[in-house]
$ cat query-v7.tsv   # TSV, C-alpha atoms and all ligand atoms
chain	number	residue	atom	x	y	z
A	1	ASP	CA	-3.23	-4.56	30.28
A	2	ALA	CA	-6.05	-4.90	27.75
A	3	ALA	CA	-3.72	-4.22	24.84
A	4	ASP	CA	-1.40	-7.05	25.90
A	5	ILE	CA	-4.30	-9.48	25.98
A	6	GLU	CA	-5.30	-8.55	22.46
A	7	LYS	CA	-1.78	-9.30	21.30
A	8	GLY	CA	-2.40	-12.92	22.23
A	9	THR	CA	0.68	-15.05	21.68
A	10	TYR	CA	2.31	-12.49	19.38
A	11	PRO	CA	5.41	-10.61	20.54
A	12	HIS	CA	4.29	-7.49	18.64
A	13	PHE	CA	1.11	-6.01	17.22
A	14	MET	CA	2.86	-5.50	13.91
A	15	LEU	CA	3.43	-9.23	13.40
A	16	LYS	CA	-0.14	-9.99	14.48
A	17	GLU	CA	-1.49	-7.40	12.06
A	18	ILE	CA	0.64	-8.73	9.20
A	19	ASP	CA	-0.80	-12.17	9.89
A	20	GLU	CA	-4.36	-10.85	9.95
A	21	GLN	CA	-4.21	-9.75	6.32
A	22	PRO	CA	-5.75	-12.91	4.77
A	23	LEU	CA	-8.61	-12.69	7.26
A	24	VAL	CA	-9.15	-9.00	6.58
A	25	MET	CA	-9.15	-9.67	2.85
A	26	ARG	CA	-11.89	-12.29	3.25
A	27	ARG	CA	-13.86	-9.98	5.53
A	28	ILE	CA	-13.70	-7.18	2.94
A	29	ILE	CA	-14.95	-9.55	0.23
A	30	GLN	CA	-17.88	-10.52	2.48
A	31	GLN	CA	-18.68	-6.92	3.39
A	32	TYR	CA	-18.69	-5.69	-0.18
A	33	LYS	CA	-20.45	-8.65	-1.80
A	34	ASP	CA	-24.16	-8.29	-2.59
A	35	GLU	CA	-26.81	-11.08	-2.68
A	36	SER	CA	-26.03	-11.88	-6.31
A	37	GLY	CA	-22.37	-12.41	-5.43
A	38	LYS	CA	-21.16	-9.20	-7.07
A	39	LEU	CA	-18.69	-6.77	-5.49
A	40	LYS	CA	-20.48	-3.49	-4.83
A	41	VAL	CA	-20.04	-0.19	-3.01
A	42	ASP	CA	-23.07	1.71	-1.81
A	43	GLU	CA	-25.24	3.55	-4.28
A	44	GLY	CA	-24.25	7.03	-3.06
A	45	VAL	CA	-20.56	6.36	-3.61
A	46	ARG	CA	-21.18	4.86	-7.05
A	47	GLN	CA	-23.20	7.92	-8.08
A	48	ALA	CA	-20.58	10.31	-6.71
A	49	VAL	CA	-17.84	8.66	-8.79
A	50	LYS	CA	-20.11	8.54	-11.83
A	51	ALA	CA	-20.85	12.25	-11.54
A	52	ALA	CA	-17.16	13.17	-11.30
A	53	ASP	CA	-14.87	13.85	-14.24
A	54	ARG	CA	-11.74	13.31	-12.12
A	55	LEU	CA	-10.87	11.88	-8.73
A	56	TYR	CA	-8.40	13.60	-6.41
A	57	ILE	CA	-6.99	11.19	-3.85
A	58	ILE	CA	-5.62	12.95	-0.77
A	59	ALA	CA	-3.60	11.07	1.86
A	60	CYS	CA	-0.41	10.87	3.94
A	61	GLY	CA	2.24	8.24	4.58
A	62	THR	CA	1.27	4.66	3.93
A	63	SER	CA	-2.25	5.73	2.94
A	64	TRP	CA	-0.74	7.89	0.21
A	65	HIS	CA	1.14	4.83	-1.07
A	66	ALA	CA	-2.15	2.89	-1.14
A	67	GLY	CA	-3.66	5.80	-3.07
A	68	LEU	CA	-0.98	5.48	-5.75
A	69	VAL	CA	-1.93	1.83	-6.28
A	70	GLY	CA	-5.60	2.88	-6.22
A	71	LYS	CA	-5.00	5.36	-9.02
A	72	GLN	CA	-3.68	2.51	-11.13
A	73	PHE	CA	-6.91	0.53	-10.53
A	74	LEU	CA	-9.22	3.48	-11.08
A	75	GLU	CA	-7.59	4.37	-14.37
A	76	THR	CA	-6.94	0.91	-15.81
A	77	ILE	CA	-9.98	-0.99	-14.49
A	78	ALA	CA	-12.58	1.78	-14.32
A	79	GLY	CA	-11.25	4.34	-16.80
A	80	VAL	CA	-11.58	7.18	-14.29
A	81	PRO	CA	-8.87	9.87	-14.46
A	82	THR	CA	-7.30	10.06	-11.00
A	83	GLU	CA	-4.65	12.19	-9.32
A	84	VAL	CA	-2.96	11.35	-6.03
A	85	HIS	CA	-1.73	14.09	-3.71
A	86	ILE	CA	0.08	14.33	-0.41
A	87	ALA	CA	-2.37	16.15	1.86
A	88	SER	CA	0.13	18.60	3.35
A	89	GLU	CA	1.31	19.67	-0.12
A	90	PHE	CA	-2.16	19.96	-1.55
A	91	SER	CA	-3.32	22.30	1.17
A	92	TYR	CA	-1.07	25.17	0.09
A	93	ASN	CA	-0.35	24.17	-3.49
A	94	MET	CA	-3.72	23.23	-4.95
A	95	PRO	CA	-3.52	22.13	-8.59
A	96	LEU	CA	-5.90	23.42	-11.22
A	97	LEU	CA	-9.05	21.40	-10.61
A	98	SER	CA	-11.27	19.75	-13.20
A	99	GLU	CA	-14.88	20.86	-13.59
A	100	ARG	CA	-16.45	18.10	-11.49
A	101	PRO	CA	-13.86	16.79	-9.05
A	102	LEU	CA	-14.54	14.18	-6.38
A	103	PHE	CA	-12.16	14.25	-3.42
A	104	VAL	CA	-11.21	10.89	-1.96
A	105	PHE	CA	-9.52	10.95	1.44
A	106	ILE	CA	-7.66	7.80	2.39
A	107	SER	CA	-6.90	7.64	6.10
A	108	GLN	CA	-6.64	4.61	8.34
A	109	SER	CA	-7.40	6.67	11.45
A	110	GLY	CA	-9.70	9.20	9.83
A	111	GLU	CA	-8.08	11.80	12.08
A	112	THR	CA	-5.02	13.02	10.18
A	113	ALA	CA	-4.93	16.80	10.44
A	114	ASP	CA	-3.33	17.39	7.04
A	115	CYS	CA	-6.19	15.52	5.37
A	116	ARG	CA	-8.79	17.32	7.46
A	117	SER	CA	-7.43	20.68	6.42
A	118	VAL	CA	-7.88	19.79	2.72
A	119	LEU	CA	-11.35	18.41	3.44
A	120	VAL	CA	-12.41	21.68	5.04
A	121	ASP	CA	-11.04	23.69	2.09
A	122	VAL	CA	-12.66	21.64	-0.67
A	123	LYS	CA	-15.97	21.49	1.15
A	124	GLN	CA	-15.90	25.25	1.29
A	125	LEU	CA	-15.45	25.24	-2.48
A	126	GLY	CA	-18.56	23.04	-2.67
A	127	HIS	CA	-16.89	19.85	-3.93
A	128	PRO	CA	-18.17	16.35	-3.04
A	129	THR	CA	-16.05	14.19	-0.74
A	130	LEU	CA	-15.50	10.52	0.09
A	131	THR	CA	-13.46	9.13	2.98
A	132	ILE	CA	-11.94	5.65	2.92
A	133	THR	CA	-11.12	4.80	6.53
A	134	ASN	CA	-10.76	2.09	9.10
A	135	SER	CA	-12.52	4.20	11.73
A	136	PRO	CA	-16.29	4.62	11.51
A	137	GLY	CA	-17.25	7.79	13.35
A	138	SER	CA	-13.84	9.41	12.80
A	139	THR	CA	-13.62	13.10	11.93
A	140	LEU	CA	-12.91	12.55	8.24
A	141	SER	CA	-15.76	10.05	8.00
A	142	ARG	CA	-18.28	12.32	9.76
A	143	GLU	CA	-17.35	15.36	7.74
A	144	ALA	CA	-17.23	13.80	4.27
A	145	ASP	CA	-20.33	13.17	2.16
A	146	HIS	CA	-19.59	9.45	1.84
A	147	THR	CA	-17.54	6.78	3.61
A	148	LEU	CA	-16.13	3.40	2.62
A	149	LEU	CA	-14.91	1.32	5.53
A	150	LEU	CA	-11.82	-0.90	5.57
A	151	HIS	CA	-13.14	-3.46	8.07
A	152	ALA	CA	-9.54	-4.21	9.06
A	153	GLY	CA	-10.11	-4.15	12.82
A	154	PRO	CA	-8.05	-1.91	15.12
A	155	GLU	CA	-4.49	-1.35	13.91
A	156	ILE	CA	-2.25	-0.72	16.91
A	157	ALA	CA	1.32	-0.87	15.55
A	158	VAL	CA	2.47	2.54	14.35
A	159	ALA	CA	3.73	1.02	11.10
A	160	SER	CA	0.64	0.35	9.00
A	161	THR	CA	0.31	-3.09	7.39
A	162	LYS	CA	-3.20	-4.53	7.26
A	163	ALA	CA	-4.74	-1.09	6.71
A	164	TYR	CA	-2.55	-0.63	3.61
A	165	THR	CA	-3.70	-3.87	1.97
A	166	ALA	CA	-7.30	-3.18	3.08
A	167	GLN	CA	-7.16	0.26	1.46
A	168	ILE	CA	-5.89	-1.25	-1.77
A	169	ALA	CA	-8.57	-3.96	-1.69
A	170	VAL	CA	-11.37	-1.43	-1.14
A	171	LEU	CA	-10.01	0.78	-3.93
A	172	SER	CA	-9.97	-2.25	-6.23
A	173	ILE	CA	-13.60	-3.01	-5.34
A	174	LEU	CA	-14.57	0.60	-5.97
A	175	SER	CA	-12.85	0.40	-9.38
A	176	VAL	CA	-14.59	-2.86	-10.26
A	177	ASP	CA	-17.99	-1.47	-9.28
A	178	VAL	CA	-17.46	1.70	-11.32
A	179	ALA	CA	-16.28	-0.40	-14.28
A	180	ASN	CA	-19.41	-2.58	-14.01
A	181	GLY	CA	-21.59	0.52	-13.81
A	182	LYS	CA	-20.04	1.82	-17.02
A	183	GLY	CA	-20.57	-1.52	-18.75
A	184	ARG	CA	-16.82	-2.05	-19.18
A	185	THR	CA	-15.94	-5.69	-19.70
A	186	LEU	CA	-13.51	-7.00	-17.13
A	187	THR	CA	-10.92	-9.50	-18.25
A	188	PHE	CA	-10.90	-11.19	-14.84
A	189	ASP	CA	-13.33	-12.33	-12.15
A	190	PRO	CA	-12.66	-9.89	-9.29
A	191	LEU	CA	-14.31	-11.97	-6.60
A	192	GLN	CA	-12.29	-15.01	-7.52
A	193	GLU	CA	-9.06	-13.06	-7.91
A	194	LEU	CA	-9.41	-11.44	-4.48
A	195	ALA	CA	-10.11	-14.84	-2.93
A	196	ILE	CA	-6.90	-16.08	-4.57
A	197	VAL	CA	-5.10	-13.05	-3.08
A	198	ALA	CA	-6.28	-14.02	0.42
A	199	ASN	CA	-4.85	-17.51	-0.07
A	200	ALA	CA	-1.59	-16.11	-1.43
A	201	MET	CA	-1.32	-13.85	1.62
A	202	GLU	CA	-1.66	-16.90	3.81
A	203	VAL	CA	1.15	-18.65	1.95
A	204	LEU	CA	3.39	-15.59	2.35
A	205	CYS	CA	2.64	-15.27	6.06
A	206	ALA	CA	3.69	-18.88	6.46
A	207	GLN	CA	7.09	-18.09	4.91
A	208	LYS	CA	8.29	-15.93	7.80
A	209	ASP	CA	11.53	-17.86	8.20
A	210	ASP	CA	12.57	-17.03	4.64
A	211	TYR	CA	12.02	-13.32	5.16
A	212	GLU	CA	13.72	-13.37	8.53
A	213	GLN	CA	16.71	-14.90	6.78
A	214	ILE	CA	16.66	-12.18	4.11
A	215	ALA	CA	16.61	-9.53	6.85
A	216	ARG	CA	19.62	-11.24	8.47
A	217	ASP	CA	21.55	-11.64	5.21
A	218	TYR	CA	20.94	-8.20	3.77
A	219	LEU	CA	20.14	-5.79	6.56
A	220	SER	CA	21.91	-6.70	9.79
A	221	GLU	CA	25.01	-4.56	9.18
A	222	THR	CA	23.89	-1.96	6.70
A	223	ARG	CA	23.24	1.76	7.18
A	224	ASN	CA	21.14	2.10	4.05
A	225	ALA	CA	19.06	0.07	1.61
A	226	PHE	CA	17.41	0.69	-1.75
A	227	PHE	CA	14.22	-0.67	-3.23
A	228	ILE	CA	13.46	-0.49	-6.91
A	229	GLY	CA	10.43	-1.29	-9.03
A	230	ARG	CA	8.70	-0.10	-12.16
A	231	ALA	CA	5.04	0.61	-12.88
A	232	VAL	CA	2.87	-0.50	-9.95
A	233	ASP	CA	5.89	-2.20	-8.36
A	234	TYR	CA	7.39	1.26	-7.95
A	235	TYR	CA	4.52	2.21	-5.66
A	236	VAL	CA	4.94	-0.96	-3.63
A	237	VAL	CA	8.68	-0.43	-3.16
A	238	MET	CA	8.02	3.10	-1.90
A	239	GLU	CA	5.94	1.47	0.81
A	240	ALA	CA	8.64	-1.18	1.37
A	241	ALA	CA	11.23	1.53	1.99
A	242	LEU	CA	8.91	3.44	4.32
A	243	LYS	CA	8.24	0.31	6.39
A	244	LEU	CA	11.94	-0.36	6.77
A	245	LYS	CA	12.94	3.17	7.71
A	246	GLU	CA	10.05	3.66	10.11
A	247	ILE	CA	10.85	0.76	12.35
A	248	SER	CA	14.51	-0.20	11.78
A	249	TYR	CA	15.93	3.34	11.26
A	250	ILE	CA	17.89	2.04	8.28
A	251	GLN	CA	17.98	4.82	5.72
A	252	ALA	CA	15.85	3.41	2.92
A	253	GLU	CA	14.72	4.75	-0.42
A	254	GLY	CA	12.18	3.33	-2.85
A	255	PHE	CA	12.37	4.56	-6.39
A	256	ALA	CA	11.63	3.87	-10.02
A	257	GLY	CA	14.10	1.48	-11.64
A	258	GLY	CA	14.64	3.82	-14.58
A	259	GLU	CA	15.71	6.65	-12.29
A	260	LEU	CA	18.67	4.71	-10.88
A	261	LYS	CA	21.06	5.99	-13.48
A	262	HIS	CA	19.99	9.59	-12.82
A	263	GLY	CA	21.45	9.83	-9.37
A	264	THR	CA	20.97	7.06	-6.87
A	265	ILE	CA	23.38	4.68	-8.56
A	266	ALA	CA	26.16	6.95	-7.28
A	267	LEU	CA	25.40	5.65	-3.78
A	268	ILE	CA	25.93	1.99	-4.61
A	269	GLU	CA	28.99	0.55	-2.88
A	270	ASP	CA	30.26	-2.91	-2.13
A	271	GLY	CA	27.52	-4.70	-0.22
A	272	THR	CA	24.77	-2.04	-0.50
A	273	PRO	CA	21.48	-3.92	-0.30
A	274	VAL	CA	19.18	-3.36	-3.30
A	275	PHE	CA	15.79	-5.05	-3.39
A	276	GLY	CA	14.00	-5.34	-6.71
A	277	LEU	CA	10.32	-6.16	-7.14
A	278	ILE	CA	9.32	-7.73	-10.45
A	279	THR	CA	5.65	-8.52	-11.06
A	280	GLN	CA	4.68	-6.70	-14.24
A	281	GLU	CA	5.46	-8.27	-17.59
A	282	HIS	CA	5.98	-5.07	-19.58
A	283	VAL	CA	8.76	-3.85	-17.28
A	284	ALA	CA	10.21	-7.09	-15.89
A	285	GLY	CA	13.17	-7.21	-18.29
A	286	HIS	CA	14.12	-3.62	-17.58
A	287	LEU	CA	14.06	-4.11	-13.83
A	288	ARG	CA	16.24	-7.20	-14.12
A	289	GLY	CA	18.63	-5.05	-16.12
A	290	ASN	CA	18.66	-2.46	-13.32
A	291	LEU	CA	19.50	-5.13	-10.76
A	292	GLN	CA	22.39	-6.32	-12.93
A	293	GLU	CA	23.69	-2.77	-13.21
A	294	VAL	CA	23.86	-2.34	-9.46
A	295	ALA	CA	25.19	-5.86	-8.89
A	296	ALA	CA	28.04	-5.04	-11.29
A	297	ARG	CA	28.89	-2.13	-8.95
A	298	GLY	CA	28.98	-4.35	-5.89
A	299	ALA	CA	25.38	-4.17	-4.65
A	300	ASN	CA	23.96	-7.08	-2.72
A	301	THR	CA	20.79	-7.60	-4.78
A	302	CYS	CA	17.62	-9.45	-3.87
A	303	ALA	CA	14.87	-9.97	-6.46
A	304	ILE	CA	11.32	-10.72	-5.37
A	305	VAL	CA	9.50	-11.99	-8.42
A	306	SER	CA	5.91	-12.84	-9.26
A	307	HIS	CA	5.00	-16.37	-10.23
A	308	ASP	CA	4.41	-15.51	-13.89
A	309	GLN	CA	7.67	-13.52	-14.25
A	310	ALA	CA	9.89	-16.07	-12.49
A	311	ARG	CA	12.96	-17.39	-14.28
A	312	PRO	CA	15.11	-20.36	-13.36
A	313	GLY	CA	17.42	-19.34	-10.52
A	314	ASP	CA	15.00	-16.85	-8.95
A	315	GLN	CA	15.04	-17.52	-5.23
A	316	HIS	CA	12.08	-15.51	-3.98
A	317	VAL	CA	9.00	-16.23	-6.04
A	318	LEU	CA	5.58	-14.94	-4.96
A	319	PRO	CA	2.51	-17.19	-5.04
A	320	GLU	CA	0.38	-16.69	-8.12
A	321	VAL	CA	-2.07	-13.76	-8.13
A	322	HIS	CA	-3.58	-11.73	-10.97
A	323	PRO	CA	-1.06	-9.04	-12.03
A	324	HIS	CA	-3.62	-6.29	-11.28
A	325	PHE	CA	-3.74	-7.37	-7.65
A	326	SER	CA	-0.05	-8.11	-7.18
A	327	PRO	CA	0.54	-5.24	-4.67
A	328	LEU	CA	-1.74	-7.00	-2.20
A	329	ALA	CA	0.64	-9.94	-2.11
A	330	SER	CA	4.01	-8.41	-2.99
A	331	VAL	CA	4.04	-5.99	-0.06
A	332	ILE	CA	3.93	-8.79	2.52
A	333	PRO	CA	7.53	-9.99	2.10
A	334	PHE	CA	8.67	-6.38	2.60
A	335	GLN	CA	6.53	-5.95	5.71
A	336	LEU	CA	8.10	-9.09	7.14
A	337	ILE	CA	11.64	-8.12	6.10
A	338	ALA	CA	11.18	-4.73	7.81
A	339	TYR	CA	9.77	-6.38	10.91
A	340	TYR	CA	12.68	-8.80	11.29
A	341	ALA	CA	15.30	-6.17	10.45
A	342	ALA	CA	13.92	-3.99	13.26
A	343	LEU	CA	13.69	-6.95	15.62
A	344	HIS	CA	17.29	-8.03	14.98
A	345	ARG	CA	18.47	-4.50	15.65
A	346	GLY	CA	16.64	-4.37	18.95
A	347	CYS	CA	14.25	-1.61	17.88
A	348	ASP	CA	10.88	-0.95	19.46
A	349	VAL	CA	8.87	-2.43	16.58
A	350	ASP	CA	5.40	-1.28	17.59
A	351	LYS	CA	6.37	2.16	18.86
A	352	PRO	CA	9.21	3.56	16.77
A	353	ARG	CA	10.87	6.72	18.02
A	354	ASN	CA	9.48	10.10	16.93
A	355	LEU	CA	6.43	8.62	15.20
A	356	ALA	CA	2.74	8.66	16.13
A	357	LYS	CA	-0.02	6.35	14.97
A	358	SER	CA	-2.19	9.24	13.99
A	359	VAL	CA	-0.92	12.74	13.46
A	360	THR	CA	-3.47	15.31	14.54
A	361	VAL	CA	-1.28	18.37	14.06
A	362	GLU	CA	-0.55	20.00	10.70
A	401	LIG	C1	1.18	8.48	10.60
A	401	LIG	C2	1.40	6.99	10.76
A	401	LIG	C3	1.50	6.30	9.41
A	401	LIG	C4	0.28	6.62	8.58
A	401	LIG	C5	0.07	8.13	8.44
A	401	LIG	C6	-1.30	8.44	7.83
A	401	LIG	O1	2.33	9.08	10.09
A	401	LIG	O2	2.58	6.76	11.52
A	401	LIG	O3	1.60	4.91	9.59
A	401	LIG	O4	0.41	6.04	7.30
A	401	LIG	O5	0.09	8.75	9.71
A	401	LIG	O6	-2.28	8.02	8.74
A	401	LIG	P1	-3.77	7.79	8.36
A	401	LIG	O7	-4.45	7.42	9.65
A	401	LIG	O8	-4.28	9.11	7.82
A	401	LIG	O9	-3.85	6.72	7.33
$ encode --input "query-v7.tsv" --output "structure tokens"
Amino acid sequence: DAADIEKGTYPHFMLKEIDEQPLVMRRIIQQYKDESGKLKVDEGVRQAVKAADRLYIIACGTSWHAGLVGKQFLETIAGVPTEVHIASEFSYNMPLLSERPLFVFISQSGETADCRSVLVDVKQLGHPTLTITNSPGSTLSREADHTLLLHAGPEIAVASTKAYTAQIAVLSILSVDVANGKGRTLTFDPLQELAIVANAMEVLCAQKDDYEQIARDYLSETRNAFFIGRAVDYYVVMEAALKLKEISYIQAEGFAGGELKHGTIALIEDGTPVFGLITQEHVAGHLRGNLQEVAARGANTCAIVSHDQARPGDQHVLPEVHPHFSPLASVIPFQLIAYYAALHRGCDVDKPRNLAKSVTVE
């Protein structure tokens, strides 16, 4: 059928969509670049962020994970206070709002019912709204005041990959634009750094065999797996764990390295796989320490390390990208590891049991 044709030579949409990420990144750069070569969002969005004293990001699943990375950008690059909420929680447990909130809905499909319910509520309260979506014309896009598009092309696999990196890229561009508008000096050239990210993504996508081997070595027998990170790496490992559990049904948990000793370390047995992501200088040493702690208790550890934090002996080193943008590259190995783990276990990669691509019930 039509869907099979679109898959081309790929066995699964998920693998195709993972591979499309460099292309999507370049497309986003093109779409958000103005004549002078600056990254810009449209005037209405810029004004809406400028008028707000706090952003409230509302999302579910993978989009929520992208929102967590987005918060990091908005606060560190643009200096805009930002909160990130799970839509279904927010709808009955609304926090105390600031005076001039802007609500930012992140939704690949633009149809997620839990997000829509919050949108309806906050519109009733008279608050401005922005939707970041891959689907022009979707409900959340039509009903919000403003829209930013992901330009990722249709995402068919239930497990989201290219939409996640597209969401992060668009949030980074929004942050850069707001920072420029406020006259904040950036310590990096965003256009150049995002172009470098696209190249790094290409390098990672060409390393499939390495990640297939990791999936074989660490995940073929196991019932569970842990992923640890600190700072922004914590957000990425939450997504890593979600990818793995969604499609391979291995029980997976992503958590903050410092929390290990407060509970999860009790679950470490001989051979338990623990993946550590290390890309941020100020926490790299601590995360290495955490990996040693679990290794000493028998865990089968695997460190994925950024270029600038690599030490002799590190086996899985990411291509060089600016530390701000590391999530755009560091998630790809985990997407591939999840893909191959599911494949080796004979799971239905594109259509995992019990899950839907877009959830239109609350
Ligand atoms: C479903 C999908 C997830 C997705 C989530 C949010 O649970 O299976 O992959 O992250 O919905 O979807 P959205 O379209 O709002 O980003």
$ residues_near_ligand --input "query-v7.tsv" --ligand "ligand LIG 401 (chain A)" --cutoff "6 Å" --atoms "all atoms listed in the file" --output "short mmCIF file (atom, residue, chain, number, x, y, z; two decimals) with C-alpha atoms, keeping the file's coordinate frame"
data_model
loop_
_atom_site.label_atom_id
_atom_site.label_comp_id
_atom_site.auth_asym_id
_atom_site.auth_seq_id
_atom_site.Cartn_x
_atom_site.Cartn_y
_atom_site.Cartn_z
CA CYS A 60 -0.41 10.87 3.94
CA GLY A 61 2.24 8.24 4.58
CA THR A 62 1.27 4.66 3.93
CA SER A 63 -2.25 5.73 2.94
CA SER A 107 -6.90 7.64 6.10
CA GLN A 108 -6.64 4.61 8.34
CA SER A 109 -7.40 6.67 11.45
CA GLY A 110 -9.70 9.20 9.83
CA THR A 112 -5.02 13.02 10.18
CA VAL A 158 2.47 2.54 14.35
CA ALA A 159 3.73 1.02 11.10
CA SER A 160 0.64 0.35 9.00
CA LEU A 355 6.43 8.62 15.20
CA ALA A 356 2.74 8.66 16.13
CA LYS A 357 -0.02 6.35 14.97
CA SER A 358 -2.19 9.24 13.99
CA VAL A 359 -0.92 12.74 13.46
#
$ closest_residue --input "query-v7.tsv" --among "A:Pro22, A:Tyr339, A:Asp209, A:Asn199" --to "A:Pro319" --atoms "all atoms listed in the file"
A:Asn199
$ closest_residue --input "query-v7.tsv" --among "A:Leu267, A:Val321, A:Arg54, A:Val203" --to "A:Pro190" --atoms "all atoms listed in the file"
A:Val321
$ atom_distance --input "query-v7.tsv" --atom1 "atom CA of A:Leu150" --atom2 "atom CA of A:Ile18"
15.2 Å
$ residues_near_point --input "query-v7.tsv" --point "(-2.7, -5.1, -10.4)" --cutoff "10 Å" --atoms "only C-alpha atoms" --output "PDB file with C-alpha atoms, in the frame of the given file"
ATOM      1  CA  VAL A  69      -1.930   1.830  -6.280  1.00  0.00           C
ATOM      2  CA  GLY A  70      -5.600   2.880  -6.220  1.00  0.00           C
ATOM      3  CA  GLN A  72      -3.680   2.510 -11.130  1.00  0.00           C
ATOM      4  CA  PHE A  73      -6.910   0.530 -10.530  1.00  0.00           C
ATOM      5  CA  THR A  76      -6.940   0.910 -15.810  1.00  0.00           C
ATOM      6  CA  ILE A  77      -9.980  -0.990 -14.490  1.00  0.00           C
ATOM      7  CA  ILE A 168      -5.890  -1.250  -1.770  1.00  0.00           C
ATOM      8  CA  SER A 172      -9.970  -2.250  -6.230  1.00  0.00           C
ATOM      9  CA  ALA A 231       5.040   0.610 -12.880  1.00  0.00           C
ATOM     10  CA  VAL A 232       2.870  -0.500  -9.950  1.00  0.00           C
ATOM     11  CA  ASP A 233       5.890  -2.200  -8.360  1.00  0.00           C
ATOM     12  CA  THR A 279       5.650  -8.520 -11.060  1.00  0.00           C
ATOM     13  CA  GLN A 280       4.680  -6.700 -14.240  1.00  0.00           C
ATOM     14  CA  VAL A 321      -2.070 -13.760  -8.130  1.00  0.00           C
ATOM     15  CA  HIS A 322      -3.580 -11.730 -10.970  1.00  0.00           C
ATOM     16  CA  PRO A 323      -1.060  -9.040 -12.030  1.00  0.00           C
ATOM     17  CA  HIS A 324      -3.620  -6.290 -11.280  1.00  0.00           C
ATOM     18  CA  PHE A 325      -3.740  -7.370  -7.650  1.00  0.00           C
ATOM     19  CA  SER A 326      -0.050  -8.110  -7.180  1.00  0.00           C
ATOM     20  CA  PRO A 327       0.540  -5.240  -4.670  1.00  0.00           C
ATOM     21  CA  LEU A 328      -1.740  -7.000  -2.200  1.00  0.00           C
TER      22      LEU A 328
END
$ closest_residue --input "query-v7.tsv" --among "A:Thr360, A:Gln309, A:Ser98, A:Ser91" --to "A:Val122" --atoms "only C-alpha atoms"
A:Ser91
$ residues_near_point --input "query-v7.tsv" --point "(-0.4, 16.5, 4.5)" --cutoff "9 Å" --atoms "only C-alpha atoms" --output "ChimeraX atom specification"
/A:58-61,85-91,112-118,362
$ residues_around --input "query-v7.tsv" --residues "A:Asp217" --least-positions-apart "5" --cutoff "10 Å" --atoms "all atoms listed in the file" --output "PyMOL selection string"
chain A and resi 211-212+273+300+341
$ residues_around --input "query-v7.tsv" --residues "stretch 40-47 of chain A" --least-positions-apart "3" --cutoff "9 Å" --atoms "all atoms listed in the file" --output "ChimeraX atom specification"
/A:32-34,50-52,130,145-148,170,173-174,176-178,181
$ residues_around --input "query-v7.tsv" --residues "A:Asp189" --least-positions-apart "2" --cutoff "10 Å" --atoms "all atoms listed in the file" --output "number ranges by chain"
A: 38, 176, 186-187, 191-194, 322
$ atom_distance --input "query-v7.tsv" --atom1 "atom CA of A:Met201" --atom2 "atom CA of A:Gln21"
6.9 Å
$ decode --input "query-v7.tsv" --residues "stretch 139-159 of chain A" --atoms "C-alpha atoms" --output "PDB file, in the first residue's frame"
ATOM      1  CA  THR A 139      -6.639  21.047  16.420  1.00  0.00           C
ATOM      2  CA  LEU A 140      -3.988  22.476  18.748  1.00  0.00           C
ATOM      3  CA  SER A 141      -2.592  24.615  15.945  1.00  0.00           C
ATOM      4  CA  ARG A 142      -6.005  25.972  14.894  1.00  0.00           C
ATOM      5  CA  GLU A 143      -7.086  26.739  18.422  1.00  0.00           C
ATOM      6  CA  ALA A 144      -3.904  28.389  19.711  1.00  0.00           C
ATOM      7  CA  ASP A 145      -3.030  32.030  19.039  1.00  0.00           C
ATOM      8  CA  HIS A 146       0.293  31.130  17.420  1.00  0.00           C
ATOM      9  CA  THR A 147       1.963  28.128  15.804  1.00  0.00           C
ATOM     10  CA  LEU A 148       5.561  27.103  15.151  1.00  0.00           C
ATOM     11  CA  LEU A 149       5.938  24.203  12.752  1.00  0.00           C
ATOM     12  CA  LEU A 150       8.464  21.377  13.016  1.00  0.00           C
ATOM     13  CA  HIS A 151       8.796  20.720   9.269  1.00  0.00           C
ATOM     14  CA  ALA A 152       9.769  17.133  10.078  1.00  0.00           C
ATOM     15  CA  GLY A 153       7.508  15.494   7.489  1.00  0.00           C
ATOM     16  CA  PRO A 154       4.990  12.796   8.457  1.00  0.00           C
ATOM     17  CA  GLU A 155       6.107  10.643  11.379  1.00  0.00           C
ATOM     18  CA  ILE A 156       4.534   7.201  11.056  1.00  0.00           C
ATOM     19  CA  ALA A 157       6.304   5.031  13.651  1.00  0.00           C
ATOM     20  CA  VAL A 158       4.534   5.196  17.005  1.00  0.00           C
ATOM     21  CA  ALA A 159       7.850   5.803  18.773  1.00  0.00           C
TER      22      ALA A 159
END
